[in-house]
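Notes to accompany the following structure.
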Amino acid sequence: MDDNFEVIFQHIPEESREDVKRILDIANITARRKTINVTDFFDPFTIDLFKSVLNRYDELKYLEFGGYENFEKSALIVYPDFLNDIDFTEYFSALKFEFPNESIRHKDILGSIYGLGIDISKIGDIYIVDDISYIVCKSEVEEYLLYNLIKIGRLKPKASKINLADLPKRITEYKYRDISVNSLRLDTVVAGAFNLSRNVSKNMIDKGLVKLNHQTVTKANYEVKKGDLISARRKGRVLINSEIGMSKKGRIRINLAYPI
């Protein structure tokens with residue numbers, strides 16, 4: 001492995017360097033002790049950074065785990081290259097919380113987990129199918145969640161552990177909306193997507209409160225494109241679904257998809 005840390009950090013954003021230091025520690029411990037080590041859950045951008053670091057180690061391998069098809073957050077199992085047959089179930093769990101005939105929101109579940117004081121990086125994706133919420137997590141927090149996440153909002157769910165293989169497919173539904181903007185600058189699209197003034201959207205970007213494809217972007221004039229995912233702190237997320245064309249007044253018409 002090339003130990004030139006300056007080379008490794010040269011093209012890594014400042015806000016991601018602490019995370020990359022973590023994966024370097026995990027990689028070095030794994031290589032030195034010949035043990036299996038597991039990261040916490042991270043967004044796709046951070047996981048890709050981790051992979052780029054681990055690819056520098058000839059003596060190491062890694063597996064990515066998200067729990068089900070089309071996952072968003074994932075974790076890496078890092079292990080010496082002479083090992084085989086890594087068992088995901090030793091490190092990860094799947095939990096089911098049932099809310100019969102009740103409507104439950106993702107933010108209510110997440111808020112209740114925050115209320116327990118659990119490190120949220122131990123939690124993978126949380127998603128809802130019908131009246132059931134599924135939580136992917138590291139096995140180390142499995143029991144704590146099962147016995148302490150007993151109330152979500154005003155509801156008391158029935159909690160149980162399920163096999164990882166039994167996690168259902170996640171189908172993301174969207175609400176669609178057309179807007180017109182005078183450019184595809186990030187601040188302009190954020191303002192239009194979340195009904196903000198241009199100044200407010202620019203300030204949010206300047207403060208690092210907006211992510212583009214899971215990466216913090218602080219340049220308000222960054223140009224977005226079809227397929228980009230924008231996340232704005234406390235505002236939500238939106239996908240640039242398509243560019244429709246130009247209006248008669250010369251404005252750009254785009255279609256936005258908001259995850260429900």
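Naming scheme: A, B, ... for chains in displayed order of the structure tokens; residues 1 onward per chain; ligands 1 onward as shown.
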Next on the checklist: Residues near segment 12-22 of chain A, anyone? I mean within 12 Å using only C-alpha atoms, not counting same-chain ones fewer than 4 positions away, as a PyMOL selection string.
Outcome noted: chain A and resi 5-8+26-29+37-43+45-54+121+208+211+214-218
Kindly assemble as a tab-separated table a list of the segment 96-206 of chain A residues that lie within 12 Å of segment 60-69 of chain A, each paired with its nearest atom pair and their distance in Å to one decimal, using only C-alpha atoms, sorted first by chain and then by ascending residue number.
residue	atom	partner	partner_atom	distance
A:Ile123	CA	A:Gly66	CA	10.3
A:Gly124	CA	A:Gly66	CA	6.9
A:Asp125	CA	A:Gly66	CA	7.5
A:Ile126	CA	A:Gly67	CA	10.5
A:Tyr127	CA	A:Tyr68	CA	11.0
A:Tyr134	CA	A:Gly67	CA	10.3
A:Ile135	CA	A:Gly67	CA	9.3
A:Val136	CA	A:Gly67	CA	6.4
A:Cys137	CA	A:Gly67	CA	8.8
A:Lys138	CA	A:Phe65	CA	10.5
A:Ile162	CA	A:Gly67	CA	11.7
A:Asn163	CA	A:Gly67	CA	10.2
A:Leu164	CA	A:Gly67	CA	6.5
A:Ala165	CA	A:Tyr68	CA	7.9
A:Asp166	CA	A:Tyr68	CA	9.0
A:Leu167	CA	A:Tyr68	CA	6.4
A:Pro168	CA	A:Tyr68	CA	7.4
A:Lys169	CA	A:Glu69	CA	6.3
A:Arg170	CA	A:Glu69	CA	7.3
A:Ile171	CA	A:Glu69	CA	9.8
A:Thr172	CA	A:Glu69	CA	11.9
Next on the checklist: Rounded to one decimal, what separation in Å do you get between atom CA of Phe97 of chain A and atom CA of Ser231 of chain A?
Outcome noted: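 Computing the Euclidean distance for atom CA of Phe97 of chain A and atom CA of Ser231 of chain A yields 26.6 Å.
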Next on the checklist: From the options A:Ile205, A:Ala257, A:Ile252, A:Ala75, which residue's atoms come nearest to Gly227 of chain A, counting only C-alpha atoms?
Outcome noted: A:Ala257
Checklist entry - Looking at A:Ala94, A:Ile86, A:Leu149, A:Ile77, which one is nearest to Ile113 of chain A, with distances taken over only C-alpha atoms? => result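 Counting only C-alpha atoms, the residue closest to Ile113 of chain A is A:Leu149.
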Checklist entry - Please, which residues of segment 25-219 of chain A, numbered as in this document, come out strand (DSSP E or B) from DSSP, as a PyMOL selection string? => result chain A and resi 37-38+42+60-65+74-80+92-98+123-129+132-138+152+155+158-162+174-181+185+210-212+215-216
Just write the chosen residues, C-alpha atoms, as a PDB file, in the first residue's frame.
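Generated output (part15.pdb):
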ATOM      1  CA  ASN A  37     -13.507  -5.069  10.444  1.00  0.00           C
ATOM      2  CA  VAL A  38     -16.757  -3.350   9.567  1.00  0.00           C
ATOM      3  CA  PHE A  42     -22.520   5.977   5.026  1.00  0.00           C
ATOM      4  CA  LEU A  60      -7.273  -6.472   1.495  1.00  0.00           C
ATOM      5  CA  LYS A  61     -10.735  -7.160   0.103  1.00  0.00           C
ATOM      6  CA  TYR A  62     -14.085  -5.616   0.949  1.00  0.00           C
ATOM      7  CA  LEU A  63     -17.780  -6.299   0.528  1.00  0.00           C
ATOM      8  CA  GLU A  64     -20.506  -3.683   0.442  1.00  0.00           C
ATOM      9  CA  PHE A  65     -23.731  -4.259   2.365  1.00  0.00           C
ATOM     10  CA  SER A  74     -24.353   1.033   3.035  1.00  0.00           C
ATOM     11  CA  ALA A  75     -21.406  -0.288   5.038  1.00  0.00           C
ATOM     12  CA  LEU A  76     -18.217  -2.123   4.109  1.00  0.00           C
ATOM     13  CA  ILE A  77     -16.816  -5.336   5.527  1.00  0.00           C
ATOM     14  CA  VAL A  78     -13.016  -5.149   5.215  1.00  0.00           C
ATOM     15  CA  TYR A  79     -11.034  -8.376   5.460  1.00  0.00           C
ATOM     16  CA  PRO A  80      -7.673  -9.983   4.522  1.00  0.00           C
ATOM     17  CA  PHE A  92     -25.873  -6.760  10.321  1.00  0.00           C
ATOM     18  CA  SER A  93     -29.529  -7.171  11.267  1.00  0.00           C
ATOM     19  CA  ALA A  94     -32.943  -6.415   9.829  1.00  0.00           C
ATOM     20  CA  LEU A  95     -35.797  -5.273  12.067  1.00  0.00           C
ATOM     21  CA  LYS A  96     -39.503  -5.019  11.369  1.00  0.00           C
ATOM     22  CA  PHE A  97     -41.881  -2.597  13.094  1.00  0.00           C
ATOM     23  CA  GLU A  98     -45.557  -3.180  12.366  1.00  0.00           C
ATOM     24  CA  ILE A 123     -28.393   2.587  11.219  1.00  0.00           C
ATOM     25  CA  GLY A 124     -28.686   1.873   7.506  1.00  0.00           C
ATOM     26  CA  ASP A 125     -31.806   2.488   5.447  1.00  0.00           C
ATOM     27  CA  ILE A 126     -35.204   2.953   7.021  1.00  0.00           C
ATOM     28  CA  TYR A 127     -38.107   2.384   4.682  1.00  0.00           C
ATOM     29  CA  ILE A 128     -41.829   1.710   4.804  1.00  0.00           C
ATOM     30  CA  VAL A 129     -43.854  -0.880   2.904  1.00  0.00           C
ATOM     31  CA  ILE A 132     -44.551  -1.900   8.163  1.00  0.00           C
ATOM     32  CA  SER A 133     -41.271  -0.094   8.709  1.00  0.00           C
ATOM     33  CA  TYR A 134     -38.027  -1.932   8.012  1.00  0.00           C
ATOM     34  CA  ILE A 135     -34.738  -0.907   9.585  1.00  0.00           C
ATOM     35  CA  VAL A 136     -31.320  -2.158   8.509  1.00  0.00           C
ATOM     36  CA  CYS A 137     -28.726  -1.815  11.264  1.00  0.00           C
ATOM     37  CA  LYS A 138     -25.480  -3.111  12.673  1.00  0.00           C
ATOM     38  CA  ILE A 152     -42.957   6.130  17.581  1.00  0.00           C
ATOM     39  CA  LEU A 155     -47.975   4.713  18.080  1.00  0.00           C
ATOM     40  CA  LYS A 158     -44.945  -4.549  17.191  1.00  0.00           C
ATOM     41  CA  ALA A 159     -41.191  -5.085  16.825  1.00  0.00           C
ATOM     42  CA  SER A 160     -39.351  -8.184  15.633  1.00  0.00           C
ATOM     43  CA  LYS A 161     -36.143  -9.323  13.985  1.00  0.00           C
ATOM     44  CA  ILE A 162     -36.328 -10.843  10.502  1.00  0.00           C
ATOM     45  CA  TYR A 174     -42.531  10.219  -6.174  1.00  0.00           C
ATOM     46  CA  LYS A 175     -44.611  13.347  -6.417  1.00  0.00           C
ATOM     47  CA  TYR A 176     -43.857  15.233  -9.616  1.00  0.00           C
ATOM     48  CA  ARG A 177     -43.781  18.959 -10.246  1.00  0.00           C
ATOM     49  CA  ASP A 178     -42.731  21.215 -13.117  1.00  0.00           C
ATOM     50  CA  ILE A 179     -40.906  24.476 -12.480  1.00  0.00           C
ATOM     51  CA  SER A 180     -39.293  27.081 -14.726  1.00  0.00           C
ATOM     52  CA  VAL A 181     -35.928  28.652 -13.927  1.00  0.00           C
ATOM     53  CA  ARG A 185     -27.453  27.031 -11.265  1.00  0.00           C
ATOM     54  CA  VAL A 210     -27.154  21.540   0.550  1.00  0.00           C
ATOM     55  CA  LYS A 211     -25.863  18.283  -0.927  1.00  0.00           C
ATOM     56  CA  LEU A 212     -25.730  17.293  -4.563  1.00  0.00           C
ATOM     57  CA  GLN A 215     -21.802  15.486  -1.565  1.00  0.00           C
ATOM     58  CA  THR A 216     -21.835  18.903   0.087  1.00  0.00           C
TER      59      THR A 216
END
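Between atom CA of Tyr144 of chain A and atom CA of Thr89 of chain A the separation is 17.1 Å.
Of note, atom CA of Ile118 of chain A and atom CA of Leu145 of chain A are spaced 8.8 Å apart.
Among the candidate residues A:Val189, A:Leu116, A:Val238, A:Ser103, the one lying nearest to Glu223 of chain A is A:Val189, with distances computed using only C-alpha atoms.
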Checklist entry - A:Ala220, A:Ile36, A:Ala232, A:Ala193: which is nearest Ile254 of chain A, counting only C-alpha atoms? => result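 Selected residue with least distance to Ile254 of chain A: A:Ala193.
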Item to check | In segment 139-186 of chain A, DSSP helix (DSSP H, G or I) residues written as a PyMOL selection string | outcome: chain A and resi 139-148+164-166+186
Residues as selected, C-alpha atoms, written as a CSV table (one decimal), in the first residue's frame, can you do that?
chain,number,residue,atom,x,y,z
A,139,SER,CA,-26.0,-6.1,14.9
A,140,GLU,CA,-24.5,-4.3,17.9
A,141,VAL,CA,-27.6,-2.0,18.2
A,142,GLU,CA,-30.2,-4.7,17.3
A,143,GLU,CA,-31.3,-5.6,20.8
A,144,TYR,CA,-31.3,-2.0,22.0
A,145,LEU,CA,-33.6,-1.0,19.2
A,146,LEU,CA,-36.0,-3.9,19.7
A,147,TYR,CA,-36.4,-3.3,23.4
A,148,ASN,CA,-36.3,0.5,23.5
A,164,LEU,CA,-31.8,-10.3,6.0
A,165,ALA,CA,-33.0,-12.3,3.0
A,166,ASP,CA,-36.6,-11.5,3.9
A,186,LEU,CA,-27.8,25.1,-8.0
